[in-house]
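What follows is the content of target_11.txt (compact mmCIF, C-alpha atoms and all ligand atoms).
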```
# COMPACT_ATOMS: atom_id res chain seq x y z
CA MET A 1 -1.85 5.10 -20.50
CA ILE A 2 -0.61 5.72 -16.95
CA LEU A 3 -0.13 2.79 -14.58
CA VAL A 4 -0.86 3.87 -11.02
CA ALA A 5 0.56 1.31 -8.63
CA GLY A 6 -1.20 1.78 -5.31
CA GLY A 7 -3.97 3.80 -6.93
CA SER A 8 -6.59 2.70 -4.43
CA GLY A 9 -4.74 4.05 -1.43
CA TYR A 10 -5.05 7.49 0.13
CA ILE A 11 -2.71 9.59 -2.01
CA GLY A 12 -2.89 7.35 -5.10
CA SER A 13 -6.68 7.61 -5.35
CA HIS A 14 -6.61 11.43 -5.15
CA VAL A 15 -3.99 11.46 -7.91
CA CYS A 16 -6.18 9.13 -10.03
CA LYS A 17 -9.18 11.40 -9.67
CA MET A 18 -7.09 14.33 -10.87
CA LEU A 19 -5.49 12.34 -13.70
CA ALA A 20 -8.95 11.34 -14.93
CA LYS A 21 -10.10 14.98 -14.83
CA GLU A 22 -7.05 15.90 -16.90
CA GLY A 23 -8.03 13.31 -19.50
CA PHE A 24 -5.39 10.65 -18.83
CA ASP A 25 -6.19 6.94 -19.27
CA ILE A 26 -5.39 5.09 -16.08
CA ILE A 27 -4.83 1.56 -14.88
CA VAL A 28 -4.93 1.19 -11.12
CA TYR A 29 -2.73 -1.72 -10.06
CA ASP A 30 -3.21 -2.54 -6.39
CA ASN A 31 -3.16 -5.56 -4.09
CA LEU A 32 -5.81 -3.97 -1.83
CA SER A 33 -3.70 -4.77 1.24
CA LYS A 34 -4.27 -1.22 2.49
CA GLY A 35 -6.29 0.45 -0.26
CA TYR A 36 -9.99 0.08 -1.01
CA GLU A 37 -11.55 -1.08 -4.25
CA SER A 38 -14.19 1.62 -3.76
CA PHE A 39 -11.35 4.19 -4.08
CA ALA A 40 -10.39 2.85 -7.54
CA ARG A 41 -13.20 4.73 -9.28
CA TRP A 42 -11.17 6.13 -12.12
CA GLY A 43 -9.76 4.04 -14.97
CA ARG A 44 -9.40 0.25 -15.04
CA PHE A 45 -8.61 -1.76 -11.96
CA VAL A 46 -6.17 -4.67 -11.92
CA LEU A 47 -5.75 -6.66 -8.72
CA GLY A 48 -2.06 -7.39 -8.38
CA ASP A 49 1.03 -7.08 -6.27
CA ILE A 50 4.13 -5.27 -7.50
CA SER A 51 6.17 -8.31 -6.40
CA ASP A 52 4.26 -10.43 -8.95
CA GLU A 53 6.37 -10.25 -12.07
CA ARG A 54 3.99 -12.46 -14.08
CA GLN A 55 0.99 -10.30 -13.34
CA LEU A 56 2.97 -7.14 -14.14
CA ASP A 57 4.12 -8.76 -17.39
CA LEU A 58 0.51 -9.38 -18.36
CA VAL A 59 -0.41 -5.75 -17.76
CA PHE A 60 2.63 -4.28 -19.52
CA SER A 61 2.21 -6.60 -22.53
CA ARG A 62 -1.50 -5.86 -22.88
CA PHE A 63 -1.44 -2.06 -22.49
CA LYS A 64 0.84 0.57 -23.89
CA ILE A 65 2.05 2.22 -20.73
CA ASP A 66 3.67 5.64 -21.03
CA ALA A 67 4.56 6.19 -17.39
CA VAL A 68 4.27 4.59 -13.98
CA MET A 69 3.31 6.32 -10.74
CA HIS A 70 4.25 4.32 -7.68
CA PHE A 71 2.32 4.74 -4.42
CA CYS A 72 2.57 1.24 -2.92
CA ALA A 73 4.58 1.19 0.24
CA SER A 74 4.40 0.26 3.87
CA ILE A 75 4.30 3.54 5.77
CA GLU A 76 4.34 2.92 9.51
CA VAL A 77 7.60 4.19 10.92
CA GLY A 78 7.30 2.29 14.23
CA GLU A 79 6.52 -0.98 12.45
CA SER A 80 9.55 -0.48 10.21
CA VAL A 81 11.74 -0.50 13.33
CA VAL A 82 10.32 -3.77 14.66
CA ASP A 83 9.94 -5.47 11.27
CA PRO A 84 12.53 -3.97 8.91
CA GLU A 85 12.42 -7.04 6.66
CA LYS A 86 8.83 -6.25 5.67
CA TYR A 87 9.88 -2.70 4.76
CA TYR A 88 13.01 -3.58 2.79
CA ILE A 89 11.11 -6.28 0.86
CA ASN A 90 7.96 -4.30 0.23
CA ASN A 91 9.42 -0.86 -0.35
CA VAL A 92 12.77 -1.64 -1.96
CA SER A 93 12.82 -5.16 -3.37
CA ASN A 94 9.27 -5.01 -4.79
CA THR A 95 9.97 -1.58 -6.29
CA LEU A 96 12.95 -3.18 -8.06
CA THR A 97 10.62 -5.79 -9.54
CA LEU A 98 8.38 -3.05 -10.87
CA LEU A 99 11.37 -1.19 -12.34
CA LYS A 100 12.68 -4.42 -13.88
CA VAL A 101 9.41 -4.99 -15.71
CA MET A 102 9.32 -1.32 -16.80
CA ASN A 103 12.81 -1.72 -18.28
CA ARG A 104 11.72 -4.90 -20.06
CA TYR A 105 8.88 -3.03 -21.76
CA ASN A 106 10.92 0.08 -22.35
CA VAL A 107 8.75 2.26 -20.07
CA LYS A 108 11.10 5.01 -18.96
CA LYS A 109 9.07 7.46 -16.91
CA PHE A 110 8.49 7.01 -13.21
CA ILE A 111 6.96 9.09 -10.43
CA PHE A 112 7.92 7.99 -6.95
CA SER A 113 6.44 8.78 -3.53
CA SER A 114 9.36 9.57 -1.29
CA SER A 115 9.23 11.14 2.15
CA ALA A 116 10.60 13.83 4.45
CA ALA A 117 11.79 10.79 6.47
CA VAL A 118 14.91 10.78 4.24
CA TYR A 119 16.14 13.83 6.18
CA GLY A 120 15.93 12.24 9.66
CA MET A 121 16.53 14.87 12.34
CA PRO A 122 17.25 17.95 10.25
CA ASP A 123 19.96 20.39 11.32
CA LYS A 124 18.16 23.30 9.70
CA VAL A 125 14.51 24.18 8.99
CA PRO A 126 12.91 24.85 6.58
CA ILE A 127 14.48 21.82 4.91
CA GLU A 128 15.89 22.19 1.42
CA GLU A 129 16.21 19.30 -1.02
CA GLU A 130 20.00 19.55 -0.71
CA ALA A 131 19.97 19.07 3.10
CA PRO A 132 21.85 16.01 4.42
CA LYS A 133 19.98 12.73 4.05
CA LYS A 134 20.21 10.90 7.37
CA PRO A 135 17.19 8.63 7.90
CA ILE A 136 16.64 7.51 11.48
CA ASN A 137 14.45 4.48 10.80
CA PRO A 138 14.16 1.68 8.21
CA TYR A 139 11.14 3.36 6.59
CA GLY A 140 13.23 6.46 5.78
CA TRP A 141 16.08 4.28 4.55
CA THR A 142 13.79 2.41 2.14
CA LYS A 143 12.73 5.72 0.57
CA LEU A 144 16.32 6.96 0.30
CA MET A 145 17.46 3.64 -1.19
CA VAL A 146 14.86 3.83 -3.94
CA GLU A 147 15.90 7.42 -4.67
CA GLN A 148 19.49 6.16 -5.05
CA ILE A 149 18.37 3.26 -7.26
CA LEU A 150 16.52 5.73 -9.48
CA GLN A 151 19.62 7.88 -9.94
CA ASP A 152 21.55 4.81 -11.07
CA TYR A 153 18.71 3.70 -13.36
CA ASP A 154 18.71 7.07 -15.06
CA ARG A 155 22.45 6.90 -15.68
CA ALA A 156 22.41 3.29 -16.88
CA TYR A 157 19.00 2.84 -18.52
CA ASN A 158 17.87 6.40 -19.18
CA LEU A 159 14.86 5.88 -16.90
CA LYS A 160 13.63 9.36 -15.95
CA SER A 161 12.03 9.76 -12.57
CA ILE A 162 10.62 12.33 -10.22
CA CYS A 163 10.79 11.72 -6.50
CA PHE A 164 8.41 13.70 -4.35
CA ARG A 165 9.38 13.99 -0.71
CA TYR A 166 6.06 14.37 1.08
CA PHE A 167 5.76 16.21 4.34
CA ASN A 168 2.51 15.55 6.27
CA ALA A 169 -0.20 14.65 3.77
CA ALA A 170 -3.64 15.43 5.15
CA GLY A 171 -7.19 16.40 4.19
CA ALA A 172 -9.56 14.76 1.75
CA ASP A 173 -11.27 15.14 -1.60
CA PRO A 174 -13.51 18.25 -1.29
CA ASP A 175 -16.35 16.29 -3.01
CA GLY A 176 -16.11 13.72 -0.20
CA GLU A 177 -15.71 10.75 -2.56
CA ILE A 178 -12.39 9.57 -1.13
CA GLY A 179 -10.29 10.37 1.93
CA GLU A 180 -7.81 9.16 4.50
CA ALA A 181 -8.67 5.82 6.06
CA HIS A 182 -5.58 4.04 7.28
CA ASN A 183 -5.87 0.89 9.29
CA PRO A 184 -4.44 1.15 11.86
CA GLU A 185 -4.61 4.94 11.95
CA THR A 186 -1.50 6.57 13.40
CA HIS A 187 -1.71 10.05 11.87
CA LEU A 188 -2.51 13.07 13.97
CA ILE A 189 -5.36 14.74 12.03
CA PRO A 190 -7.57 11.66 11.49
CA LEU A 191 -7.01 10.66 15.12
CA ILE A 192 -8.10 14.09 16.39
CA ILE A 193 -11.13 13.99 14.12
CA ASP A 194 -12.06 10.59 15.53
CA ALA A 195 -11.91 12.17 18.99
CA ALA A 196 -14.18 14.98 17.76
CA LEU A 197 -16.58 12.38 16.39
CA GLY A 198 -16.59 10.54 19.71
CA LYS A 199 -15.08 7.43 18.07
CA ARG A 200 -12.08 7.81 20.36
CA GLU A 201 -12.19 8.88 23.99
CA SER A 202 -9.33 11.35 23.72
CA ILE A 203 -6.34 12.48 21.75
CA LYS A 204 -2.85 12.07 23.16
CA ILE A 205 -0.17 14.68 22.69
CA TYR A 206 3.16 12.89 22.35
CA GLY A 207 5.55 15.20 24.16
CA THR A 208 5.11 18.72 25.52
CA ASP A 209 8.78 19.45 26.26
CA TYR A 210 10.12 20.00 22.76
CA ASP A 211 12.09 23.13 22.00
CA THR A 212 9.17 24.76 20.16
CA LYS A 213 6.86 27.69 20.96
CA ASP A 214 4.34 25.55 22.90
CA GLY A 215 6.49 22.49 23.60
CA THR A 216 4.74 20.22 21.06
CA CYS A 217 6.09 19.03 17.71
CA ILE A 218 5.69 21.19 14.63
CA ARG A 219 4.83 19.65 11.28
CA ASP A 220 4.11 20.86 7.77
CA TYR A 221 0.63 19.68 6.73
CA ILE A 222 -0.14 19.61 3.04
CA HIS A 223 -3.51 18.92 1.44
CA VAL A 224 -3.64 15.67 -0.52
CA ASN A 225 -4.98 17.51 -3.60
CA ASP A 226 -2.03 19.92 -3.48
CA LEU A 227 0.20 16.84 -3.46
CA ALA A 228 -1.82 15.31 -6.29
CA ARG A 229 -1.47 18.42 -8.44
CA ALA A 230 2.32 18.31 -8.11
CA HIS A 231 2.22 14.73 -9.42
CA ILE A 232 0.28 15.78 -12.50
CA LEU A 233 2.77 18.60 -13.16
CA GLY A 234 5.71 16.23 -12.65
CA LEU A 235 4.17 13.64 -14.95
CA LYS A 236 3.58 16.20 -17.68
CA MET A 237 7.17 17.38 -17.34
CA LEU A 238 8.48 13.84 -17.80
CA LEU A 239 6.12 13.15 -20.71
CA ASP A 240 7.45 16.33 -22.36
CA GLY A 241 10.98 14.96 -22.14
CA GLY A 242 11.98 16.50 -18.80
CA LYS A 243 14.89 15.25 -16.73
CA SER A 244 14.91 13.35 -13.46
CA ASP A 245 14.51 15.45 -10.33
CA VAL A 246 13.59 15.46 -6.64
CA PHE A 247 11.13 17.85 -4.97
CA ASN A 248 9.95 18.54 -1.46
CA LEU A 249 6.19 18.86 -1.18
CA GLY A 250 5.14 20.84 1.86
CA SER A 251 3.19 24.00 2.58
CA GLU A 252 6.24 25.75 4.07
CA SER A 253 4.28 26.57 7.24
CA GLY A 254 4.48 24.66 10.46
CA PHE A 255 1.73 23.95 12.99
CA SER A 256 2.22 22.49 16.44
CA VAL A 257 0.19 19.53 17.71
CA ARG A 258 -1.64 21.89 20.09
CA GLU A 259 -2.44 24.30 17.26
CA ILE A 260 -3.86 21.47 15.15
CA ILE A 261 -6.03 20.30 18.06
CA ASP A 262 -7.33 23.87 18.50
CA ILE A 263 -8.10 24.25 14.79
CA VAL A 264 -10.00 20.93 14.78
CA LYS A 265 -12.02 22.07 17.81
CA LYS A 266 -12.84 25.35 16.09
CA VAL A 267 -13.73 23.88 12.70
CA THR A 268 -15.82 21.01 14.09
CA GLU A 269 -17.27 22.95 17.06
CA LYS A 270 -16.65 19.83 19.17
CA ASP A 271 -14.77 19.47 22.40
CA PHE A 272 -12.89 16.36 23.48
CA LYS A 273 -10.33 15.22 26.00
CA VAL A 274 -6.66 15.95 25.37
CA ILE A 275 -4.05 13.92 27.27
CA GLU A 276 -0.45 15.02 27.49
CA THR A 277 1.91 12.09 27.45
CA GLU A 278 5.57 11.20 26.76
CA ARG A 279 7.36 11.77 23.51
CA ARG A 280 6.95 9.18 20.76
CA PRO A 281 10.42 7.77 19.95
CA GLY A 282 12.02 9.10 16.79
CA ASP A 283 9.94 12.29 16.40
CA PRO A 284 11.97 15.35 15.33
CA ALA A 285 10.81 18.58 17.03
CA VAL A 286 10.22 20.49 13.79
CA LEU A 287 9.75 19.36 10.19
CA VAL A 288 8.92 22.12 7.75
CA ALA A 289 9.66 22.02 4.03
CA LYS A 290 11.18 24.50 1.75
CA SER A 291 9.09 23.91 -1.40
CA GLU A 292 10.38 26.74 -3.51
CA LYS A 293 11.95 24.30 -5.99
CA ALA A 294 8.62 22.66 -6.89
CA LYS A 295 7.10 26.12 -7.33
CA ARG A 296 9.93 27.34 -9.52
CA ILE A 297 10.43 24.28 -11.72
CA LEU A 298 6.96 22.71 -11.83
CA GLY A 299 4.93 25.90 -11.50
CA TRP A 300 3.22 24.33 -8.47
CA LYS A 301 1.17 26.33 -5.95
CA ILE A 302 -0.44 25.51 -2.66
CA GLU A 303 -4.18 26.06 -2.74
CA TYR A 304 -5.47 24.66 0.56
CA SER A 305 -5.06 26.31 3.96
CA ILE A 306 -4.81 24.33 7.19
CA GLU A 307 -8.49 25.15 7.90
CA GLU A 308 -9.48 23.71 4.51
CA ILE A 309 -7.37 20.63 5.21
CA ILE A 310 -9.29 20.07 8.45
CA LYS A 311 -12.69 20.93 6.90
CA THR A 312 -12.29 18.46 4.01
CA ALA A 313 -11.04 15.77 6.40
CA TRP A 314 -13.96 16.43 8.77
CA ASN A 315 -16.44 16.25 5.90
CA TRP A 316 -15.03 12.89 4.77
CA HIS A 317 -14.79 11.34 8.24
CA GLN A 318 -18.38 12.24 9.06
CA LYS A 319 -19.49 10.19 6.05
CA LEU A 320 -17.47 7.11 7.01
N1 LIG A 401 1.04 12.96 17.32
C1 LIG A 401 0.45 13.12 18.56
N2 LIG A 401 -0.58 12.29 18.90
C2 LIG A 401 -1.04 11.31 18.07
C3 LIG A 401 -0.44 11.16 16.81
C4 LIG A 401 0.60 12.00 16.46
O1 LIG A 401 0.84 13.99 19.35
O2 LIG A 401 -1.97 10.58 18.47
C5 LIG A 401 2.12 13.88 16.92
C6 LIG A 401 3.40 13.17 16.53
O3 LIG A 401 4.21 12.94 17.65
C7 LIG A 401 4.01 14.17 15.55
C8 LIG A 401 2.78 14.83 14.88
O4 LIG A 401 1.70 14.56 15.77
O5 LIG A 401 4.73 15.15 16.23
C9 LIG A 401 2.47 14.28 13.52
O6 LIG A 401 2.44 12.87 13.61
P1 LIG A 401 1.95 11.94 12.43
O7 LIG A 401 2.05 10.51 12.90
O8 LIG A 401 0.62 12.40 11.94
O9 LIG A 401 2.98 12.22 11.24
P2 LIG A 401 4.59 12.14 11.19
O10 LIG A 401 5.07 13.56 11.33
O11 LIG A 401 5.06 11.24 12.29
O12 LIG A 401 4.85 11.58 9.83
```
Could you write out this structure as structure tokens?
Amino acid sequence: MILVAGGSGYIGSHVCKMLAKEGFDIIVYDNLSKGYESFARWGRFVLGDISDERQLDLVFSRFKIDAVMHFCASIEVGESVVDPEKYYINNVSNTLTLLKVMNRYNVKKFIFSSSAAVYGMPDKVPIEEEAPKKPINPYGWTKLMVEQILQDYDRAYNLKSICFRYFNAAGADPDGEIGEAHNPETHLIPLIIDAALGKRESIKIYGTDYDTKDGTCIRDYIHVNDLARAHILGLKMLLDGGKSDVFNLGSESGFSVREIIDIVKKVTEKDFKVIETERRPGDPAVLVAKSEKAKRILGWKIEYSIEEIIKTAWNWHQKL
């Protein structure tokens, strides 16, 4: 049985769908603060917070859990700067509670959602796993702290973990059952799609004076199902007795904000207003992953192109 903490959120729900397809038994454990119960369609659902040791105890004592996948975190970089306490409590302290209960029940396999935010402003792109870790906001620090905690837990308690450093997760389930629906939405692709749908008047480009080919920031967008597949491969590796490791998950190709806007216009055949405005604080000019390690060790491959990312997202958002 696999416990998926945060299984009714965006990435967690796509992983659950894939786990179910692969024949795994799942328990989704989620406080529904950001996720949706309608996304918890696979496996059992338990309403609970990872800070609630008693509730976790009940779940771990009732079910034989083989591994935990952890997707619950606060993810808004800007908010982490103005309210770091929320981030350190939710992302670090509450993760420790979950790990404590795992240790108590001798559950020693853990998959963790980390982030490219651990690299901060990279000196070199594409970014390798070994690149310096220099977060530039509390959100990135919380992810790096948990990675450090996991290294120590392996040494001391033999708890094996895989940390996946996500680049820009995007797109939706091709069947249209689940998708990206953050509230508030701050991510580029869903915001552009809202503009295409007429739900938003315009899309703003944050900064046109970066040292990039067209002056706008370059990011590495990766389809949520490509991310999900890496989680299944990582889980299987741990269940087969594999060691702890850390992997970047990105497509290894970068697209500028302007390019993404153009692709959305082309795919949706809609036009909308684009406003050029100042830079958003804390945005590195270019973030592109080197993902060769995940390919080599996990046998992972990227299946979705940027057009498919936009098409699946468009399909999902039209249904909302
Ligand atoms: N961005 C933008 N307009 C928006 C939202 C985002 O120009 O309304 C830019 C943002 O500055 C960054 C890129 O799009 O360069 C991706 O931003 P997002 O918030 O989706 O992901 P991040 O890379 O910050 O994790």
Would you be able to write out as a CSV table (one decimal) with C-alpha atoms, in the frame of the given file which residues have an atom within 10 Å of (-1.6, -10.1, -5.8) in the file's coordinates, counting all atoms listed in the file?
```csv
chain,number,residue,atom,x,y,z
A,29,TYR,CA,-2.7,-1.7,-10.1
A,30,ASP,CA,-3.2,-2.5,-6.4
A,31,ASN,CA,-3.2,-5.6,-4.1
A,32,LEU,CA,-5.8,-4.0,-1.8
A,33,SER,CA,-3.7,-4.8,1.2
A,46,VAL,CA,-6.2,-4.7,-11.9
A,47,LEU,CA,-5.8,-6.7,-8.7
A,48,GLY,CA,-2.1,-7.4,-8.4
A,49,ASP,CA,1.0,-7.1,-6.3
A,50,ILE,CA,4.1,-5.3,-7.5
A,51,SER,CA,6.2,-8.3,-6.4
A,52,ASP,CA,4.3,-10.4,-9.0
A,55,GLN,CA,1.0,-10.3,-13.3
A,56,LEU,CA,3.0,-7.1,-14.1
```
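You can rank A:Val68, A:Ile232, A:Ile261, A:Ile205 by their closest distance to Ala20 of chain A using all atoms listed in the file, and at the top of that list sits A:Ile232.
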*Site check for ligand LIG 401 (chain A): residues at most 8 Å away, only C-alpha atoms and all ligand atoms, as number ranges by chain*: A: 77, 117, 167-168, 186-189, 191-192, 203-207, 216-219, 256-257, 279-280, 283-285, 287
*To one decimal in Å, tell me the separation between atom CA of Ser291 of chain A and atom CA of Tyr166 of chain A.*
10.3 Å
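Each of A:Phe247, A:Trp141, A:Phe24, A:Tyr10 was checked against Leu298 of chain A using all atoms listed in the file; the smallest atom-to-atom distance is that of A:Phe247.
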*For Lys265 of chain A, work out the shell of residues within 10 Å, counting only C-alpha atoms and skipping chain neighbours fewer than 6 positions away, then give it as number ranges by chain.*
A: 192-193, 195-196, 259, 271-272, 310
*Separation of atom CA of Ile222 of chain A from atom CA of Ser115 of chain A in Å*: 12.7 Å
_What's around Asp66 of chain A at 9 Å? Count all atoms listed in the file, leave out sequence neighbours fewer than 4 positions away in its own chain, and write the answer as number ranges by chain._
A: 1-3, 107-109, 239
Hey, can you spit out that residue selection with C-alpha atoms as a compact mmCIF listing (two decimals), keeping the file's coordinate frame?
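Heads up, here's the output in again19.txt:
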```
# COMPACT_ATOMS: atom_id res chain seq x y z
CA MET A 1 -1.85 5.10 -20.50
CA ILE A 2 -0.61 5.72 -16.95
CA LEU A 3 -0.13 2.79 -14.58
CA VAL A 107 8.75 2.26 -20.07
CA LYS A 108 11.10 5.01 -18.96
CA LYS A 109 9.07 7.46 -16.91
CA LEU A 239 6.12 13.15 -20.71
```
_Give me the residues near Val81 of chain A as a ChimeraX atom specification, where near means some atom within 8 Å (using all atoms listed in the file) and where sequence neighbours in that chain fewer than 2 positions away do not count._
/A:77-79,83-84,137-139
_Spatial neighbours of Tyr221 of chain A, 8 Å, only C-alpha atoms, chain gap at least 6 places, as a ChimeraX atom specification_ = /A:167-170,250-251,253-255,306
*Shell around Tyr36 of chain A at 7 Å using all atoms listed in the file, local window under 3 positions removed, as a VMD selection string*: chain A and resid 8 to 9 32 39
*What is the atom CA of Ile162 of chain A to atom CA of Glu37 of chain A distance in Å?*
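Distance between the two atoms: 26.6 Å.
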*Between A:Glu22, A:Glu128, A:Glu292, A:Glu307, which one has atoms that come closest to Arg229 of chain A, using all atoms listed in the file?*
A:Glu22
*Choose the residue, out of A:Met145, A:Gly7, A:Tyr119, A:Asp262, that has the smallest atom-to-atom separation from Lys133 of chain A; count only C-alpha atoms.*
A:Tyr119
_With distances taken over only C-alpha atoms, which residue among A:Glu180, A:Lys270, A:Ser202, A:Thr277 lies nearest Gly215 of chain A?_
A:Thr277
*Selection as number ranges by chain: residues within 12 Å of (3.7, 0.1, -21.2), counting all atoms listed in the file*: A: 1-4, 26-27, 56-68, 98-99, 101-110
_From A:Val224, A:Ala289, A:Ala181, A:Ala73, residue lying nearest His317 of chain A [all atoms listed in the file]_ = A:Ala181
Generate N, CA, C and O atoms for segment 91-103 of chain A and emit them as a PDB file, keeping the file's coordinate frame.
```
ATOM      1  N   ASN A  91       9.139  -2.190   0.200  1.00  0.00           N
ATOM      2  CA  ASN A  91       9.420  -0.860  -0.350  1.00  0.00           C
ATOM      3  C   ASN A  91      10.601  -0.833  -1.306  1.00  0.00           C
ATOM      4  O   ASN A  91      10.630   0.002  -2.213  1.00  0.00           O
ATOM      5  N   VAL A  92      11.587  -1.692  -1.099  1.00  0.00           N
ATOM      6  CA  VAL A  92      12.770  -1.640  -1.960  1.00  0.00           C
ATOM      7  C   VAL A  92      12.734  -2.789  -2.981  1.00  0.00           C
ATOM      8  O   VAL A  92      12.701  -2.558  -4.192  1.00  0.00           O
ATOM      9  N   SER A  93      12.716  -4.010  -2.482  1.00  0.00           N
ATOM     10  CA  SER A  93      12.820  -5.160  -3.370  1.00  0.00           C
ATOM     11  C   SER A  93      11.638  -5.197  -4.371  1.00  0.00           C
ATOM     12  O   SER A  93      11.829  -5.398  -5.575  1.00  0.00           O
ATOM     13  N   ASN A  94      10.425  -4.965  -3.877  1.00  0.00           N
ATOM     14  CA  ASN A  94       9.270  -5.010  -4.790  1.00  0.00           C
ATOM     15  C   ASN A  94       9.286  -3.843  -5.776  1.00  0.00           C
ATOM     16  O   ASN A  94       8.823  -3.974  -6.913  1.00  0.00           O
ATOM     17  N   THR A  95       9.838  -2.706  -5.350  1.00  0.00           N
ATOM     18  CA  THR A  95       9.970  -1.580  -6.290  1.00  0.00           C
ATOM     19  C   THR A  95      10.945  -1.970  -7.410  1.00  0.00           C
ATOM     20  O   THR A  95      10.737  -1.645  -8.583  1.00  0.00           O
ATOM     21  N   LEU A  96      11.994  -2.727  -7.041  1.00  0.00           N
ATOM     22  CA  LEU A  96      12.950  -3.180  -8.060  1.00  0.00           C
ATOM     23  C   LEU A  96      12.273  -4.099  -9.088  1.00  0.00           C
ATOM     24  O   LEU A  96      12.580  -4.041 -10.278  1.00  0.00           O
ATOM     25  N   THR A  97      11.350  -4.910  -8.614  1.00  0.00           N
ATOM     26  CA  THR A  97      10.620  -5.790  -9.540  1.00  0.00           C
ATOM     27  C   THR A  97       9.820  -4.947 -10.536  1.00  0.00           C
ATOM     28  O   THR A  97       9.833  -5.190 -11.745  1.00  0.00           O
ATOM     29  N   LEU A  98       9.161  -3.930 -10.004  1.00  0.00           N
ATOM     30  CA  LEU A  98       8.380  -3.050 -10.870  1.00  0.00           C
ATOM     31  C   LEU A  98       9.292  -2.361 -11.893  1.00  0.00           C
ATOM     32  O   LEU A  98       8.982  -2.302 -13.093  1.00  0.00           O
ATOM     33  N   LEU A  99      10.439  -1.879 -11.435  1.00  0.00           N
ATOM     34  CA  LEU A  99      11.370  -1.190 -12.340  1.00  0.00           C
ATOM     35  C   LEU A  99      11.927  -2.161 -13.389  1.00  0.00           C
ATOM     36  O   LEU A  99      12.134  -1.792 -14.546  1.00  0.00           O
ATOM     37  N   LYS A 100      12.144  -3.398 -12.957  1.00  0.00           N
ATOM     38  CA  LYS A 100      12.680  -4.420 -13.880  1.00  0.00           C
ATOM     39  C   LYS A 100      11.689  -4.650 -15.033  1.00  0.00           C
ATOM     40  O   LYS A 100      12.073  -4.702 -16.199  1.00  0.00           O
ATOM     41  N   VAL A 101      10.421  -4.764 -14.677  1.00  0.00           N
ATOM     42  CA  VAL A 101       9.410  -4.990 -15.710  1.00  0.00           C
ATOM     43  C   VAL A 101       9.281  -3.739 -16.594  1.00  0.00           C
ATOM     44  O   VAL A 101       9.151  -3.834 -17.823  1.00  0.00           O
ATOM     45  N   MET A 102       9.366  -2.555 -15.987  1.00  0.00           N
ATOM     46  CA  MET A 102       9.320  -1.320 -16.800  1.00  0.00           C
ATOM     47  C   MET A 102      10.446  -1.338 -17.825  1.00  0.00           C
ATOM     48  O   MET A 102      10.235  -1.049 -19.001  1.00  0.00           O
ATOM     49  N   ASN A 103      11.647  -1.669 -17.374  1.00  0.00           N
ATOM     50  CA  ASN A 103      12.810  -1.720 -18.280  1.00  0.00           C
ATOM     51  C   ASN A 103      12.555  -2.710 -19.423  1.00  0.00           C
ATOM     52  O   ASN A 103      12.854  -2.423 -20.574  1.00  0.00           O
TER      53      ASN A 103
END
```
